[in-house]
>>> print(open('final.cif').read())   # mmCIF, C-alpha atoms
data_work
#
loop_
_atom_site.label_atom_id
_atom_site.label_comp_id
_atom_site.auth_asym_id
_atom_site.auth_seq_id
_atom_site.Cartn_x
_atom_site.Cartn_y
_atom_site.Cartn_z
CA MET A 1 87.26 128.71 111.25
CA ILE A 2 91.01 129.24 111.63
CA GLU A 3 91.44 125.55 112.48
CA TYR A 4 89.58 124.58 109.31
CA GLY A 5 91.77 126.92 107.30
CA LEU A 6 94.91 125.42 108.84
CA GLN A 7 93.73 121.91 108.00
CA ASN A 8 93.13 123.00 104.42
CA LEU A 9 96.57 124.60 104.30
CA ASP A 10 98.05 121.31 105.52
CA ALA A 11 96.31 119.36 102.76
CA LEU A 12 97.31 121.99 100.18
CA LEU A 13 100.96 121.81 101.22
CA LEU A 14 100.80 118.01 101.05
CA VAL A 15 99.45 118.12 97.51
CA ILE A 16 102.04 120.71 96.44
CA CYS A 17 104.90 118.67 97.89
CA GLY A 18 103.60 115.41 96.38
CA VAL A 19 103.16 116.90 92.92
CA SER A 20 106.58 118.60 93.09
CA ALA A 21 108.21 115.31 94.10
CA LEU A 22 106.56 113.61 91.13
CA VAL A 23 107.61 116.36 88.71
CA ALA A 24 111.21 116.13 89.92
CA ALA A 25 111.08 112.33 89.56
CA VAL A 26 109.86 112.61 85.94
CA LEU A 27 112.60 115.18 85.29
CA MET A 28 115.11 112.50 86.31
CA LEU A 29 114.04 110.52 83.24
CA VAL A 30 114.60 113.31 80.73
CA LEU A 31 117.53 115.35 82.03
CA ARG A 32 120.80 114.70 80.24
CA HIS A 33 123.69 115.19 82.62
CA PRO A 34 124.01 112.98 85.76
CA MET A 35 124.56 116.10 87.87
CA GLN A 36 121.17 117.49 86.81
CA VAL A 37 119.61 114.09 87.53
CA ALA A 38 121.24 114.11 90.99
CA MET A 39 119.81 117.58 91.68
CA ALA A 40 116.35 116.39 90.62
CA LEU A 41 116.68 113.36 92.91
CA ILE A 42 117.78 115.60 95.79
CA SER A 43 114.72 117.81 95.31
CA THR A 44 112.48 114.73 95.21
CA MET A 45 113.99 113.59 98.51
CA VAL A 46 113.60 117.01 100.11
CA PHE A 47 109.94 117.16 99.05
CA LEU A 48 109.43 113.65 100.46
CA GLY A 49 111.01 114.85 103.70
CA ALA A 50 108.51 117.71 103.75
CA ILE A 51 105.69 115.17 103.23
CA TYR A 52 106.97 113.09 106.16
CA GLY A 53 106.99 116.22 108.30
CA LEU A 54 103.46 117.12 107.19
CA VAL A 55 102.01 113.68 108.05
CA GLY A 56 103.59 113.88 111.50
CA VAL A 57 106.68 111.61 111.50
CA HIS A 58 109.18 114.36 112.10
CA PHE A 59 112.09 112.15 113.04
CA ILE A 60 111.87 110.28 109.73
CA ALA A 61 111.79 113.64 107.95
CA ALA A 62 114.98 114.58 109.80
CA PHE A 63 116.66 111.29 108.91
CA GLN A 64 115.54 111.60 105.30
CA VAL A 65 117.37 114.92 105.04
CA LEU A 66 120.34 113.90 107.21
CA ILE A 67 121.06 110.46 105.76
CA TYR A 68 119.62 110.45 102.26
CA VAL A 69 120.16 114.01 101.11
CA SER A 70 123.35 114.80 102.96
CA ALA A 71 125.23 111.49 103.20
CA VAL A 72 124.10 109.41 100.22
CA MET A 73 123.55 112.16 97.67
CA VAL A 74 126.66 114.15 98.58
CA PHE A 75 128.61 110.94 97.97
CA MET A 76 126.84 110.54 94.61
CA VAL A 77 127.51 114.16 93.56
CA TYR A 78 131.15 113.78 94.57
CA VAL A 79 131.52 110.71 92.36
CA ILE A 80 129.83 112.46 89.41
CA MET A 81 132.36 115.29 89.76
CA LEU A 82 135.21 112.75 89.76
CA LEU A 83 134.17 111.20 86.46
CA ASP A 84 134.88 112.32 82.93
CA VAL A 85 132.37 114.80 81.54
CA ARG A 86 133.00 113.79 77.92
CA ASP A 87 131.42 110.40 78.36
CA PRO A 88 129.31 109.33 75.32
CA SER A 89 126.49 108.22 77.62
CA PHE A 90 125.86 111.89 78.41
CA LYS A 91 124.97 112.61 74.78
CA ARG A 92 122.56 109.77 74.12
CA ARG A 93 120.23 109.60 77.05
CA PHE A 94 118.09 106.57 76.35
CA SER A 95 118.93 102.94 75.78
CA THR A 96 117.39 100.81 73.03
CA LEU A 97 114.77 99.65 75.52
CA LEU A 98 113.07 103.06 75.56
CA ALA A 99 109.66 101.96 74.24
CA PRO A 100 109.32 98.71 76.25
CA GLY A 101 110.60 100.47 79.38
CA LEU A 102 108.08 103.28 79.10
CA ILE A 103 105.21 100.89 78.29
CA GLY A 104 106.22 98.66 81.22
CA GLY A 105 106.43 101.65 83.58
CA VAL A 106 103.01 102.94 82.57
CA LEU A 107 101.48 99.45 82.86
CA LEU A 108 103.01 98.94 86.31
CA LEU A 109 101.74 102.33 87.42
CA ALA A 110 98.24 101.53 86.10
CA VAL A 111 98.09 98.09 87.76
CA LEU A 112 99.40 99.29 91.13
CA ALA A 113 97.23 102.43 91.15
CA TYR A 114 94.16 100.36 90.26
CA ALA A 115 94.93 97.88 93.07
CA PHE A 116 95.37 100.68 95.61
CA TRP A 117 92.26 102.42 94.35
CA ARG A 118 90.14 99.28 94.75
CA GLY A 119 91.60 98.46 98.16
CA LEU A 120 90.98 101.93 99.54
CA HIS A 121 87.60 102.89 98.11
CA ALA A 122 86.31 103.88 101.54
CA PRO A 123 87.86 107.09 102.84
CA VAL A 124 90.54 106.24 105.40
CA ASN A 125 91.82 108.76 107.88
CA LEU A 126 95.26 108.85 109.38
CA ALA A 127 94.89 107.15 112.77
CA GLY A 128 96.75 109.81 114.70
CA SER A 129 100.51 110.04 114.44
CA PHE A 130 102.85 108.43 116.91
CA GLY A 131 105.65 110.36 118.55
CA LEU A 132 109.34 109.72 118.91
CA GLN A 133 108.80 108.18 122.35
CA GLN A 134 106.48 105.47 121.06
CA PHE A 135 108.82 104.80 118.17
CA SER A 136 111.88 104.53 120.41
CA ILE A 137 110.18 102.15 122.86
CA ALA A 138 109.05 99.87 120.04
CA PHE A 139 112.44 100.18 118.34
CA LEU A 140 114.58 99.24 121.32
CA ASN A 141 112.19 96.67 122.81
CA GLU A 142 111.02 94.68 119.82
CA TYR A 143 113.43 95.46 117.01
CA TRP A 144 116.82 95.62 118.75
CA LEU A 145 117.93 92.38 117.09
CA HIS A 146 117.17 93.76 113.61
CA PHE A 147 119.09 96.91 114.47
CA GLU A 148 122.12 94.86 115.54
CA LEU A 149 121.86 92.81 112.34
CA THR A 150 122.02 96.01 110.26
CA SER A 151 125.26 96.90 112.04
CA VAL A 152 126.63 93.52 110.90
CA LEU A 153 125.48 94.44 107.38
CA LEU A 154 127.34 97.76 107.61
CA VAL A 155 130.55 96.00 108.70
CA ALA A 156 130.12 93.59 105.78
CA ALA A 157 129.69 96.56 103.43
CA VAL A 158 132.88 98.22 104.71
CA VAL A 159 134.83 94.97 104.34
CA ALA A 160 133.42 94.45 100.83
CA ALA A 161 134.35 98.01 99.77
CA LEU A 162 137.89 97.45 101.04
CA ALA A 163 138.06 94.09 99.24
CA VAL A 164 136.93 95.69 95.97
CA ILE A 165 139.64 98.34 96.19
CA LYS A 166 142.40 95.97 97.33
CA GLY A 167 141.51 93.42 94.64
CA THR A 168 141.91 95.94 91.83
CA ARG A 169 145.21 97.21 93.22
CA LYS A 170 146.59 93.70 93.07
CA HIS A 171 145.18 93.36 89.54
CA ASP A 172 146.77 96.61 88.39
CA GLY A 173 150.16 96.14 89.93
CA MET B 1 90.61 111.53 97.34
CA ASP B 2 91.87 111.56 100.90
CA LYS B 3 95.40 111.88 102.24
CA VAL B 4 96.25 108.18 102.36
CA GLN B 5 95.11 107.55 98.79
CA PHE B 6 97.06 110.54 97.52
CA LEU B 7 100.26 109.54 99.31
CA LEU B 8 99.99 105.94 98.13
CA LEU B 9 99.43 107.15 94.59
CA VAL B 10 102.57 109.30 94.84
CA ALA B 11 104.51 106.32 96.23
CA VAL B 12 103.35 104.05 93.40
CA ALA B 13 104.18 106.69 90.79
CA LEU B 14 107.68 107.20 92.25
CA PHE B 15 108.29 103.44 92.12
CA ALA B 16 107.06 103.15 88.52
CA VAL B 17 109.10 106.17 87.36
CA GLY B 18 112.19 104.74 89.08
CA LEU B 19 111.72 101.37 87.41
CA ALA B 20 111.22 103.00 84.00
CA GLY B 21 114.39 105.03 84.62
CA VAL B 22 116.43 101.91 85.40
CA ILE B 23 115.28 100.38 82.12
CA ILE B 24 115.43 103.32 79.71
CA ARG B 25 118.51 105.29 80.82
CA ARG B 26 121.97 104.18 79.71
CA ASN B 27 124.19 105.95 82.23
CA LEU B 28 125.17 103.67 85.15
CA LEU B 29 125.05 106.42 87.78
CA VAL B 30 121.63 107.57 86.59
CA MET B 31 120.38 103.97 86.81
CA LEU B 32 121.70 103.83 90.38
CA MET B 33 119.89 107.05 91.25
CA CYS B 34 116.66 105.68 89.76
CA MET B 35 117.02 102.68 92.10
CA GLU B 36 117.26 105.14 94.99
CA LEU B 37 114.06 106.73 93.70
CA MET B 38 112.30 103.34 93.80
CA MET B 39 113.46 102.88 97.38
CA ASN B 40 112.10 106.31 98.27
CA GLY B 41 108.71 105.33 96.85
CA VAL B 42 108.66 102.22 99.03
CA ASN B 43 109.65 104.34 102.05
CA LEU B 44 106.76 106.71 101.43
CA SER B 45 104.28 103.83 101.25
CA LEU B 46 105.68 102.34 104.49
CA VAL B 47 105.36 105.67 106.31
CA THR B 48 101.80 106.09 105.00
CA PHE B 49 100.77 102.62 106.16
CA ALA B 50 102.45 103.16 109.54
CA GLN B 51 100.50 106.39 109.97
CA GLN B 52 97.28 104.75 108.82
CA THR B 53 97.51 101.92 111.34
CA GLY B 54 99.13 104.00 114.08
CA THR B 55 101.87 101.41 114.73
CA ALA B 56 105.60 102.02 114.76
CA ALA B 57 106.60 98.92 112.76
CA GLY B 58 106.56 100.70 109.40
CA ALA B 59 108.68 103.55 110.73
CA VAL B 60 111.21 101.07 112.14
CA LEU B 61 111.40 99.41 108.73
CA VAL B 62 112.01 102.80 107.09
CA PHE B 63 114.79 103.42 109.58
CA LEU B 64 116.43 100.11 108.70
CA ILE B 65 116.01 100.83 104.97
CA PHE B 66 118.02 104.04 105.46
CA VAL B 67 120.90 101.95 106.80
CA VAL B 68 120.62 99.44 103.96
CA ALA B 69 120.55 102.27 101.40
CA ALA B 70 123.75 103.72 102.87
CA ALA B 71 125.43 100.29 102.69
CA GLU B 72 124.18 99.79 99.13
CA ILE B 73 125.63 103.09 97.98
CA ALA B 74 128.91 102.39 99.77
CA ILE B 75 129.27 99.17 97.74
CA ALA B 76 127.75 100.33 94.45
CA ILE B 77 129.90 103.43 94.00
CA PRO B 78 133.28 101.60 94.19
CA ILE B 79 131.95 98.99 91.76
CA VAL B 80 130.86 101.72 89.30
CA LEU B 81 134.24 103.42 89.65
CA LEU B 82 136.01 100.13 88.92
CA LEU B 83 133.85 99.47 85.86
CA VAL B 84 134.58 102.98 84.58
CA ARG B 85 138.31 102.48 85.11
CA ARG B 86 138.21 99.30 83.05
CA LYS B 87 136.05 100.48 80.10
CA HIS B 88 136.45 104.29 80.34
CA THR B 89 132.71 104.83 79.93
CA LEU B 90 129.58 104.91 82.05
CA GLU B 91 127.39 103.49 79.31
CA ALA B 92 125.52 100.35 80.38
CA ASP B 93 125.75 98.82 76.87
CA ALA B 94 129.56 98.72 77.15
CA PHE B 95 129.29 96.06 79.83
CA GLY B 96 127.45 93.55 77.68
CA ASP B 97 130.28 91.06 78.10
CA LEU B 98 129.23 90.64 81.74
CA LYS B 99 126.21 88.68 80.51
CA GLY B 100 128.23 85.48 80.67
#
>>> encode(input="final.cif", output="structure tokens")
Amino acid sequence: MIEYGLQNLDALLLVICGVSALVAAVLMLVLRHPMQVAMALISTMVFLGAIYGLVGVHFIAAFQVLIYVSAVMVFMVYVIMLLDVRDPSFKRRFSTLLAPGLIGGVLLLAVLAYAFWRGLHAPVNLAGSFGLQQFSIAFLNEYWLHFELTSVLLVAAVVAALAVIKGTRKHDG
Amino acid sequence: MDKVQFLLLVAVALFAVGLAGVIIRRNLLVMLMCMELMMNGVNLSLVTFAQQTGTAAGAVLVFLIFVVAAAEIAIAIPIVLLLVRRKHTLEADAFGDLKG
């Protein structure tokens, strides 16, 4: 009885987190100031982290909060604070493509949701979560080359950021 | 509706909302954040599929996407700052001369 209740609580929390993430995502479309949009995005990411925790991949939930929310979004918020608050793009929110964009978004959502719906008509259960140990073994045995390649990508990103800054300095002076 | 269907529906909706945001908003930083939202939707679908099949491949891909997202932001933010310094606005319409 208690186990059944706990399972129900799990599903309820999942639904609450999913709906909250969606509401925060829709808020990103209508909020005016980039800082408010950043806060909505941060709450979406935190709710997604909660979903990852609820479905059993705790380490991805931790990385979602550590990397996305703390590193990436703190960087974004910092840049928003650096910029001028009297920008005209803060006053008029939407571009001239408002109607086609919305129609395209709704159509994409309908097509993708229909495809998923048709592909998953039979109830599918989660096939038991895998732990950190299984993930680490697969990660370092099979995917070590990909991991090393991402480090090359990071070095390229650092060099590119430096080149962007250096290039403009030369241009200015 | 079971868990997998619900999570996939949320992932699809996040992707569609992010794409609509990239198209309809005019602020460059907001467009960038909507791209992040699209990436989060893809991440959610990858995690769901990984859990559904019980293999670690999807989780590894999510891990690598985190790294790529960090690199993307590290490049995109200096570019946005440079564009702002040149035109003194964040409005996407101001950069129409980049069309070529």
>>> resolve_selection(input="final.cif", expression="the PyMOL selection byres ((chain B and resi 44-50) around 7)", output="ChimeraX atom specification")
/B:4,7-8,11,40-43,51-59,62
>>> interface_residues(input="final.cif", of="chain B", to="chain A", cutoff="8 Å", atoms="only C-alpha atoms", output="short mmCIF file (atom, residue, chain, number, x, y, z; two decimals) with C-alpha atoms, in the coordinates of the input")
data_model
loop_
_atom_site.label_atom_id
_atom_site.label_comp_id
_atom_site.auth_asym_id
_atom_site.auth_seq_id
_atom_site.Cartn_x
_atom_site.Cartn_y
_atom_site.Cartn_z
CA MET B 1 90.61 111.53 97.34
CA ASP B 2 91.87 111.56 100.90
CA LYS B 3 95.40 111.88 102.24
CA VAL B 4 96.25 108.18 102.36
CA GLN B 5 95.11 107.55 98.79
CA PHE B 6 97.06 110.54 97.52
CA LEU B 7 100.26 109.54 99.31
CA LEU B 8 99.99 105.94 98.13
CA LEU B 9 99.43 107.15 94.59
CA VAL B 10 102.57 109.30 94.84
CA VAL B 12 103.35 104.05 93.40
CA ALA B 13 104.18 106.69 90.79
CA LEU B 14 107.68 107.20 92.25
CA ALA B 16 107.06 103.15 88.52
CA VAL B 17 109.10 106.17 87.36
CA GLY B 18 112.19 104.74 89.08
CA LEU B 19 111.72 101.37 87.41
CA ALA B 20 111.22 103.00 84.00
CA GLY B 21 114.39 105.03 84.62
CA ILE B 23 115.28 100.38 82.12
CA ILE B 24 115.43 103.32 79.71
CA ARG B 25 118.51 105.29 80.82
CA ARG B 26 121.97 104.18 79.71
CA ASN B 27 124.19 105.95 82.23
CA LEU B 29 125.05 106.42 87.78
CA VAL B 30 121.63 107.57 86.59
CA MET B 33 119.89 107.05 91.25
CA CYS B 34 116.66 105.68 89.76
CA LEU B 37 114.06 106.73 93.70
CA ASN B 40 112.10 106.31 98.27
CA LEU B 44 106.76 106.71 101.43
CA VAL B 47 105.36 105.67 106.31
CA GLN B 51 100.50 106.39 109.97
CA GLN B 52 97.28 104.75 108.82
CA THR B 53 97.51 101.92 111.34
CA GLY B 54 99.13 104.00 114.08
CA THR B 55 101.87 101.41 114.73
CA ALA B 56 105.60 102.02 114.76
CA ALA B 57 106.60 98.92 112.76
CA ALA B 59 108.68 103.55 110.73
CA VAL B 60 111.21 101.07 112.14
CA VAL B 62 112.01 102.80 107.09
CA PHE B 63 114.79 103.42 109.58
CA LEU B 64 116.43 100.11 108.70
CA PHE B 66 118.02 104.04 105.46
CA VAL B 67 120.90 101.95 106.80
CA VAL B 68 120.62 99.44 103.96
CA ALA B 70 123.75 103.72 102.87
CA ALA B 71 125.43 100.29 102.69
CA GLU B 72 124.18 99.79 99.13
CA ILE B 73 125.63 103.09 97.98
CA ALA B 74 128.91 102.39 99.77
CA ILE B 75 129.27 99.17 97.74
CA ILE B 77 129.90 103.43 94.00
CA PRO B 78 133.28 101.60 94.19
CA ILE B 79 131.95 98.99 91.76
CA LEU B 82 136.01 100.13 88.92
CA THR B 89 132.71 104.83 79.93
CA LEU B 90 129.58 104.91 82.05
CA GLU B 91 127.39 103.49 79.31
#
>>> atom_distance(input="final.cif", atom1="atom CA of Ala69 of chain B", atom2="atom CA of Leu145 of chain A")
18.7 Å
>>> atom_distance(input="final.cif", atom1="atom CA of Asp93 of chain B", atom2="atom CA of Leu28 of chain B")
9.6 Å
>>> closest_residue(input="final.cif", among="A:Leu66, A:Val74, A:Leu13, A:Ala115", to="Phe47 of chain A", atoms="only C-alpha atoms")
A:Leu13
>>> residues_around(input="final.cif", residues="Ala50 of chain A", least_positions_apart="4", cutoff="7 Å", atoms="all atoms listed in the file", output="list in words")
Cys17, Val46, Leu54 and Ala61 of chain A
>>> atom_distance(input="final.cif", atom1="atom CA of Ser70 of chain A", atom2="atom CA of Leu12 of chain A")
27.2 Å
